[in-house]
>>> print(open('run.txt').read())   # compact mmCIF, C-alpha atoms
# COMPACT_ATOMS: atom_id res chain seq x y z
CA MET R 22 -9.05 14.38 38.98
CA LYS R 23 -5.93 12.48 39.91
CA ILE R 24 -5.28 8.84 39.09
CA GLY R 25 -3.89 6.26 41.50
CA PHE R 26 -3.78 2.57 42.27
CA SER R 27 -3.85 0.69 45.53
CA THR R 28 -0.99 -1.64 46.38
CA LEU R 29 -3.68 -4.20 47.16
CA GLY R 30 -3.42 -5.02 43.48
CA CYS R 31 0.29 -5.94 43.52
CA PRO R 32 0.81 -8.02 46.68
CA ASP R 33 4.10 -9.54 45.57
CA TRP R 34 5.80 -6.33 44.43
CA THR R 35 8.60 -4.51 46.21
CA LEU R 36 8.36 -0.79 46.86
CA SER R 37 10.85 -0.18 44.05
CA GLU R 38 8.66 -2.12 41.59
CA ILE R 39 5.56 -0.23 42.75
CA LEU R 40 7.17 3.17 42.30
CA ALA R 41 8.81 2.33 38.96
CA THR R 42 5.49 1.14 37.51
CA ALA R 43 3.54 4.14 38.79
CA LYS R 44 6.06 6.58 37.35
CA ASP R 45 6.42 4.78 34.02
CA LEU R 46 2.65 4.63 33.48
CA GLY R 47 2.04 8.23 34.51
CA TYR R 48 0.10 7.78 37.75
CA ASN R 49 -0.24 10.69 40.17
CA GLY R 50 -0.11 8.67 43.36
CA VAL R 51 -0.05 5.32 45.11
CA GLU R 52 -2.38 4.23 47.88
CA ILE R 53 -0.51 2.17 50.47
CA ARG R 54 -2.28 -0.97 51.58
CA GLY R 55 0.46 -3.48 52.09
CA ILE R 56 3.88 -3.82 50.52
CA ALA R 57 4.91 -7.40 49.74
CA SER R 58 4.43 -9.43 52.95
CA GLU R 59 4.00 -6.41 55.21
CA MET R 60 0.46 -5.15 55.75
CA TYR R 61 0.74 -2.86 58.77
CA ALA R 62 2.18 0.41 57.48
CA PRO R 63 3.24 1.94 60.84
CA THR R 64 5.79 -0.85 61.36
CA MET R 65 7.04 -1.17 57.77
CA LYS R 66 10.82 -0.83 57.57
CA CYS R 67 10.56 1.71 54.77
CA PHE R 68 8.62 4.04 57.12
CA SER R 69 10.89 3.54 60.13
CA THR R 70 12.57 6.56 61.69
CA GLU R 71 15.85 5.56 60.06
CA GLN R 72 14.46 5.10 56.53
CA ILE R 73 11.39 7.33 56.17
CA ASP R 74 13.20 10.32 54.64
CA LYS R 75 15.00 8.19 52.06
CA THR R 76 11.77 6.37 51.28
CA MET R 77 9.86 9.56 50.58
CA GLN R 78 12.69 10.81 48.37
CA LYS R 79 12.16 7.69 46.24
CA PHE R 80 8.53 8.68 45.69
CA GLY R 81 9.66 11.90 44.03
CA SER R 82 6.64 13.60 42.48
CA LEU R 83 4.38 10.62 43.28
CA GLU R 84 1.96 11.28 46.13
CA VAL R 85 0.76 9.00 48.88
CA PRO R 86 -2.78 10.36 49.04
CA ILE R 87 -4.02 7.88 51.62
CA LEU R 88 -2.95 5.14 53.98
CA THR R 89 -5.54 2.38 54.17
CA SER R 90 -5.90 0.93 57.63
CA ASN R 91 -7.95 -2.10 58.61
CA ALA R 92 -9.43 -0.38 61.65
CA CYS R 93 -13.13 -1.05 62.31
CA ILE R 94 -14.57 1.26 64.95
CA ALA R 95 -18.04 -0.22 65.43
CA THR R 96 -17.21 -3.60 66.83
CA LYS R 97 -16.68 -4.21 70.53
CA THR R 98 -14.31 -7.06 69.77
CA ASN R 99 -10.72 -5.75 69.73
CA ILE R 100 -11.95 -2.16 69.68
CA GLU R 101 -8.88 -0.93 71.58
CA ALA R 102 -6.60 -2.45 68.95
CA SER R 103 -8.64 -0.90 66.13
CA ILE R 104 -8.49 2.57 67.65
CA ALA R 105 -4.77 2.23 68.30
CA GLU R 106 -4.29 1.17 64.67
CA ALA R 107 -6.29 4.12 63.34
CA MET R 108 -4.31 6.57 65.47
CA ALA R 109 -0.98 5.05 64.43
CA TYR R 110 -1.97 5.32 60.77
CA ILE R 111 -2.99 8.96 61.26
CA GLU R 112 0.36 9.76 62.86
CA LEU R 113 2.30 8.04 60.05
CA ALA R 114 0.19 9.81 57.43
CA GLY R 115 1.14 13.12 59.00
CA LYS R 116 4.81 12.23 58.73
CA ILE R 117 4.70 11.32 55.03
CA GLY R 118 2.27 14.00 53.89
CA ALA R 119 -0.72 11.74 53.23
CA LYS R 120 -3.94 13.71 53.66
CA TYR R 121 -6.21 10.78 54.48
CA VAL R 122 -6.50 7.52 56.37
CA ARG R 123 -9.19 4.95 55.54
CA ILE R 124 -11.19 3.49 58.40
CA MET R 125 -14.35 1.42 58.44
CA CYS R 126 -17.36 1.36 60.67
CA THR R 127 -17.64 -2.39 60.29
CA ASN R 128 -17.40 -4.78 57.39
CA ARG R 129 -20.69 -6.35 58.50
CA ALA R 130 -23.98 -5.35 56.89
CA MET R 131 -25.75 -4.90 60.23
CA LEU R 132 -24.76 -3.46 63.59
CA ASP R 133 -25.39 -4.88 67.02
CA ASP R 134 -27.13 -2.72 69.61
CA GLY R 135 -24.89 0.12 70.72
CA ASP R 136 -22.36 -0.23 67.89
CA TYR R 137 -23.52 2.90 66.07
CA ASP R 138 -23.05 5.08 69.15
CA LEU R 139 -19.71 3.39 69.82
CA ALA R 140 -18.52 4.24 66.32
CA LEU R 141 -19.80 7.79 66.57
CA GLY R 142 -17.82 8.48 69.72
CA TYR R 143 -14.62 7.01 68.37
CA TYR R 144 -14.95 8.74 65.01
CA LYS R 145 -15.21 12.09 66.79
CA ALA R 146 -12.02 11.26 68.68
CA LEU R 147 -10.20 10.22 65.50
CA ALA R 148 -11.28 13.40 63.72
CA LYS R 149 -9.84 15.48 66.55
CA HIS R 150 -6.66 13.38 66.62
CA GLY R 151 -6.28 13.83 62.86
CA GLU R 152 -6.43 17.62 63.16
CA LYS R 153 -3.15 17.56 65.07
CA PHE R 154 -1.42 15.94 62.10
CA GLY R 155 -3.25 17.52 59.16
CA VAL R 156 -4.92 14.19 58.36
CA THR R 157 -8.61 13.40 57.84
CA PRO R 158 -9.96 9.95 58.76
CA LEU R 159 -12.29 8.86 55.96
CA MET R 160 -15.20 6.51 56.53
CA GLU R 161 -15.53 4.04 53.68
CA THR R 162 -18.84 3.18 52.01
CA ASN R 163 -18.54 -0.42 53.11
CA GLY R 164 -20.53 -2.82 55.25
CA MET R 165 -23.33 -1.00 57.03
CA PHE R 166 -22.40 2.23 55.28
CA CYS R 167 -23.28 0.86 51.86
CA ASP R 168 -26.44 2.63 53.01
CA THR R 169 -25.17 6.13 52.31
CA GLN R 170 -28.22 7.84 53.73
CA LEU R 171 -27.24 6.32 57.06
CA LEU R 172 -23.62 7.38 56.48
CA CYS R 173 -24.74 10.97 55.86
CA LYS R 174 -26.72 10.89 59.11
CA PHE R 175 -23.66 9.54 60.93
CA LEU R 176 -21.36 12.29 59.65
CA GLU R 177 -23.85 15.03 60.46
CA GLU R 178 -24.32 13.67 63.97
CA CYS R 179 -20.55 13.52 64.40
CA GLY R 180 -20.46 17.30 64.17
CA GLU R 181 -16.71 17.55 63.53
CA SER R 182 -15.27 19.43 60.57
CA ASN R 183 -12.34 17.06 59.97
CA VAL R 184 -14.43 14.22 58.52
CA GLY R 185 -15.09 12.78 55.09
CA VAL R 186 -15.98 9.80 52.95
CA LEU R 187 -14.00 7.33 50.91
CA TRP R 188 -16.55 6.53 48.22
CA ASP R 189 -16.05 2.98 47.04
CA ILE R 190 -18.28 3.30 43.98
CA HIS R 191 -18.73 -0.46 43.81
CA HIS R 192 -20.17 -1.29 47.23
CA PRO R 193 -23.27 0.93 47.61
CA TYR R 194 -24.34 0.08 44.06
CA ARG R 195 -23.57 -3.63 44.17
CA TYR R 196 -24.53 -4.45 47.76
CA GLY R 197 -26.67 -1.49 48.83
CA ARG R 198 -28.52 -1.44 45.47
CA GLU R 199 -28.26 2.33 45.42
CA ASN R 200 -28.58 4.45 42.33
CA ILE R 201 -25.39 6.43 41.68
CA GLN R 202 -27.22 9.74 41.81
CA ASP R 203 -28.86 8.83 45.11
CA THR R 204 -25.43 8.07 46.56
CA LEU R 205 -24.09 11.41 45.38
CA ASN R 206 -27.12 13.22 46.78
CA ASN R 207 -26.51 11.58 50.14
CA ILE R 208 -22.75 11.96 50.55
CA GLY R 209 -21.48 14.10 47.67
CA LYS R 210 -20.41 16.97 49.90
CA TYR R 211 -18.36 14.60 52.04
CA ILE R 212 -16.48 12.69 49.31
CA LYS R 213 -12.72 13.24 49.62
CA TYR R 214 -11.37 10.11 47.94
CA THR R 215 -12.74 7.49 45.53
CA HIS R 216 -12.16 3.80 44.86
CA ILE R 217 -13.05 2.29 41.50
CA LYS R 218 -13.60 -1.33 40.64
CA ASP R 219 -15.97 -3.18 38.33
CA SER R 220 -17.78 -6.49 38.60
CA VAL R 221 -20.68 -8.70 37.56
CA ARG R 222 -22.82 -11.11 39.52
CA GLU R 223 -22.48 -14.74 38.48
CA ASN R 224 -24.23 -17.62 40.23
CA GLY R 225 -24.86 -15.50 43.29
CA SER R 226 -21.25 -14.32 43.63
CA THR R 227 -19.44 -11.09 42.79
CA VAL R 228 -16.86 -11.58 40.03
CA TYR R 229 -14.42 -8.70 39.62
CA LYS R 230 -13.61 -7.43 36.14
CA MET R 231 -11.33 -4.82 34.60
CA ILE R 232 -13.18 -1.51 34.47
CA GLY R 233 -15.61 -1.34 31.60
CA ASN R 234 -16.04 -5.12 31.52
CA GLY R 235 -18.53 -5.24 34.38
CA ASP R 236 -21.90 -3.61 34.93
CA ILE R 237 -21.06 -0.96 37.55
CA PRO R 238 -22.21 2.38 36.05
CA LEU R 239 -18.80 4.01 36.17
CA LYS R 240 -19.63 6.59 33.49
CA ASP R 241 -22.46 7.84 35.68
CA ALA R 242 -20.13 7.94 38.67
CA ILE R 243 -17.48 9.98 36.85
CA LYS R 244 -20.13 12.31 35.47
CA GLY R 245 -21.52 12.73 38.98
CA LEU R 246 -18.10 13.47 40.45
CA LYS R 247 -17.55 16.12 37.80
CA SER R 248 -20.92 17.67 38.60
CA ILE R 249 -19.95 18.23 42.25
CA GLY R 250 -16.53 19.66 41.35
CA TYR R 251 -14.58 16.70 42.70
CA ASP R 252 -10.86 16.98 41.93
CA GLY R 253 -9.45 14.24 44.15
CA TYR R 254 -8.21 10.75 43.39
CA ILE R 255 -10.02 8.07 41.41
CA THR R 256 -8.02 5.08 42.54
CA LEU R 257 -8.16 1.55 41.21
CA GLU R 258 -8.68 -1.01 43.95
CA TRP R 259 -7.78 -4.28 42.27
CA VAL R 260 -8.26 -6.87 45.03
CA LYS R 261 -5.59 -9.32 43.92
CA ARG R 262 -4.20 -9.74 47.44
CA TRP R 263 -7.51 -11.32 48.41
CA GLN R 264 -8.15 -13.05 45.07
CA PRO R 265 -4.82 -14.26 43.61
CA ASP R 266 -6.47 -15.60 40.46
CA LEU R 267 -7.22 -12.07 39.23
CA ALA R 268 -5.18 -10.71 36.31
CA ALA R 269 -1.59 -9.59 36.93
CA ALA R 270 -1.01 -6.09 38.26
CA GLY R 271 1.24 -4.99 35.43
CA ILE R 272 -1.47 -5.67 32.86
CA VAL R 273 -4.29 -4.21 34.93
CA PHE R 274 -2.52 -1.01 36.00
CA ALA R 275 -1.50 -0.24 32.39
CA ARG R 276 -5.03 -0.87 31.14
CA TYR R 277 -6.67 1.14 33.93
CA ILE R 278 -4.85 4.40 33.32
CA ASP R 279 -5.80 4.32 29.65
CA ASP R 280 -9.41 3.39 30.33
CA ILE R 281 -9.95 5.93 33.10
CA LYS R 282 -8.45 8.72 31.01
CA SER R 283 -10.92 7.84 28.26
CA LEU R 284 -13.79 7.96 30.74
CA LEU R 285 -12.65 11.32 32.02
CA LYS R 286 -12.55 12.73 28.47
CA GLU R 287 -16.09 11.53 27.85
>>> encode(input="run.txt", output="structure tokens")
Amino acid sequence: MKIGFSTLGCPDWTLSEILATAKDLGYNGVEIRGIASEMYAPTMKCFSTEQIDKTMQKFGSLEVPILTSNACIATKTNIEASIAEAMAYIELAGKIGAKYVRIMCTNRAMLDDGDYDLALGYYKALAKHGEKFGVTPLMETNGMFCDTQLLCKFLEECGESNVGVLWDIHHPYRYGRENIQDTLNNIGKYIKYTHIKDSVRENGSTVYKMIGNGDIPLKDAIKGLKSIGYDGYITLEWVKRWQPDLAAAGIVFARYIDDIKSLLKE
């Protein structure tokens, strides 16, 4: 498996700082979800027509395995903007050699009437659009799709080959109350990319912790990924952009690569 971190964890870093840290610590790749004050990757200066080649030269051997969009395709509100965002991310991913783009069904736990069918139609369209660029849109196990049995049903009904899952290990276990093995049974064959984070519940709230300091069964998850022959990314999603009081990126990224390597050896 390959090891990465999401730029969500270092919201005040420049691209140069991101790349220097990743290379120094021995990461395989960096997931792009915001760089400093810019969140929308298709309009970032570093990925402009004038700068994109120089930018990718700076990455060197580091990969960009995925671009993480904020597109939600099961909500009628601003649906046109969400689809346009997903398509723009797919096109940029094709230009920089990223194999995947993250999309969501919705970040809500429940759908309104008709939203499921809406998402199904748009996901089919995005899968076909992605084929043109060598990019697969991945549905994240978030919101309604913390229920991975439902997610499996959705993907099978989609009927396209260019589909897959971004397994956020945390969400189905924490919010869907799913056993790790049940999750793998449901969506294992579709998992193309993985997010790792750890947490505990305190006073009714989720409190994020460095991996190994929470109660998410990460050993079971890694063991399960090995059992299905997964060789993709296990990427730390440290949500510091949304929770500034979390520990500093430099400390967390250095600790994560050591801890995840130990888990992989086990």
>>> residues_near_point(input="run.txt", point="(-28.5, 11.1, 45.1)", cutoff="12 Å", atoms="only C-alpha atoms", output="VMD selection string")
chain R and resid 168 to 170 173 193 to 194 199 to 210 241 to 242 245 to 246 248 to 249
>>> write_last_selection(input="run.txt", atoms="C-alpha atoms", output="short mmCIF file (atom, residue, chain, number, x, y, z; two decimals), in the coordinates of the input")
data_model
loop_
_atom_site.label_atom_id
_atom_site.label_comp_id
_atom_site.auth_asym_id
_atom_site.auth_seq_id
_atom_site.Cartn_x
_atom_site.Cartn_y
_atom_site.Cartn_z
CA ASP R 168 -26.44 2.63 53.01
CA THR R 169 -25.17 6.13 52.31
CA GLN R 170 -28.22 7.84 53.73
CA CYS R 173 -24.74 10.97 55.86
CA PRO R 193 -23.27 0.93 47.61
CA TYR R 194 -24.34 0.08 44.06
CA GLU R 199 -28.26 2.33 45.42
CA ASN R 200 -28.58 4.45 42.33
CA ILE R 201 -25.39 6.43 41.68
CA GLN R 202 -27.22 9.74 41.81
CA ASP R 203 -28.86 8.83 45.11
CA THR R 204 -25.43 8.07 46.56
CA LEU R 205 -24.09 11.41 45.38
CA ASN R 206 -27.12 13.22 46.78
CA ASN R 207 -26.51 11.58 50.14
CA ILE R 208 -22.75 11.96 50.55
CA GLY R 209 -21.48 14.10 47.67
CA LYS R 210 -20.41 16.97 49.90
CA ASP R 241 -22.46 7.84 35.68
CA ALA R 242 -20.13 7.94 38.67
CA GLY R 245 -21.52 12.73 38.98
CA LEU R 246 -18.10 13.47 40.45
CA SER R 248 -20.92 17.67 38.60
CA ILE R 249 -19.95 18.23 42.25
#
>>> closest_residue(input="run.txt", among="R:Tyr277, R:Trp188, R:Phe68, R:Trp34", to="Gly253 (chain R)", atoms="all atoms listed in the file")
R:Trp188
>>> closest_residue(input="run.txt", among="R:Thr89, R:Thr64, R:Asn183, R:Thr162", to="Thr28 (chain R)", atoms="all atoms listed in the file")
R:Thr89
>>> residues_around(input="run.txt", residues="Ser103 (chain R)", least_positions_apart="4", cutoff="8 Å", atoms="only C-alpha atoms", output="PyMOL selection string")
chain R and resi 91-94+99+107
>>> write_last_selection(input="run.txt", atoms="C-alpha atoms", output="PDB file, keeping the file's coordinate frame")
ATOM      1  CA  ASN R  91      -7.950  -2.100  58.610  1.00  0.00           C
ATOM      2  CA  ALA R  92      -9.430  -0.380  61.650  1.00  0.00           C
ATOM      3  CA  CYS R  93     -13.130  -1.050  62.310  1.00  0.00           C
ATOM      4  CA  ILE R  94     -14.570   1.260  64.950  1.00  0.00           C
ATOM      5  CA  ASN R  99     -10.720  -5.750  69.730  1.00  0.00           C
ATOM      6  CA  ALA R 107      -6.290   4.120  63.340  1.00  0.00           C
TER       7      ALA R 107
END
>>> closest_residue(input="run.txt", among="R:Glu181, R:Trp259, R:Lys230, R:Ile243", to="Lys286 (chain R)", atoms="all atoms listed in the file")
R:Ile243
>>> residues_near_point(input="run.txt", point="(2.3, -3.8, 46.3)", cutoff="10 Å", atoms="all atoms listed in the file", output="list in words")
Phe26, Ser27, Thr28, Leu29, Gly30, Cys31, Pro32, Asp33, Trp34, Thr35, Leu36, Ser37, Glu38, Ile39, Leu40, Val51, Glu52, Ile53, Arg54, Gly55, Ile56, Ala57, Ser58, Glu59, Met60, Lys261, Arg262 and Ala270 of chain R
>>> atom_distance(input="run.txt", atom1="CA of Leu147 (chain R)", atom2="CA of Met77 (chain R)")
25.0 Å
>>> atom_distance(input="run.txt", atom1="CA of Met231 (chain R)", atom2="CA of Val122 (chain R)")
25.5 Å
>>> closest_residue(input="run.txt", among="R:Glu112, R:Glu287, R:Asp252, R:Glu177", to="Pro63 (chain R)", atoms="all atoms listed in the file")
R:Glu112
>>> atom_distance(input="run.txt", atom1="CA of Lys97 (chain R)", atom2="CA of Ala140 (chain R)")
9.6 Å
>>> residues_around(input="run.txt", residues="Lys240 (chain R)", least_positions_apart="4", cutoff="12 Å", atoms="all atoms listed in the file", output="list of chain:residue names")
R:Ile190, R:Ile201, R:Gln202, R:Ile217, R:Asp219, R:Ile232, R:Gly233, R:Gly235, R:Asp236, R:Lys244, R:Gly245, R:Leu246, R:Lys247, R:Asp280, R:Ile281, R:Lys282, R:Ser283, R:Leu284, R:Leu285, R:Lys286, R:Glu287
>>> closest_residue(input="run.txt", among="R:Pro265, R:Gly197, R:Gly142, R:Gly151", to="Cys126 (chain R)", atoms="all atoms listed in the file")
R:Gly142
>>> decode(input="run.txt", residues="region 178-191 of chain R", atoms="C-alpha atoms", output="PDB file, in the first residue's frame")
ATOM      1  CA  GLU R 178     -27.441  -0.191 -10.254  1.00  0.00           C
ATOM      2  CA  CYS R 179     -25.146   2.353 -11.887  1.00  0.00           C
ATOM      3  CA  GLY R 180     -23.911  -0.375 -14.201  1.00  0.00           C
ATOM      4  CA  GLU R 181     -20.810   1.508 -15.374  1.00  0.00           C
ATOM      5  CA  SER R 182     -17.322   0.017 -15.176  1.00  0.00           C
ATOM      6  CA  ASN R 183     -15.536   3.291 -14.377  1.00  0.00           C
ATOM      7  CA  VAL R 184     -16.789   3.554 -10.785  1.00  0.00           C
ATOM      8  CA  GLY R 185     -15.361   3.012  -7.334  1.00  0.00           C
ATOM      9  CA  VAL R 186     -15.360   3.861  -3.655  1.00  0.00           C
ATOM     10  CA  LEU R 187     -13.296   6.139  -1.479  1.00  0.00           C
ATOM     11  CA  TRP R 188     -13.492   4.240   1.802  1.00  0.00           C
ATOM     12  CA  ASP R 189     -13.326   6.679   4.671  1.00  0.00           C
ATOM     13  CA  ILE R 190     -12.754   4.045   7.351  1.00  0.00           C
ATOM     14  CA  HIS R 191     -13.976   6.402  10.057  1.00  0.00           C
TER      15      HIS R 191
END
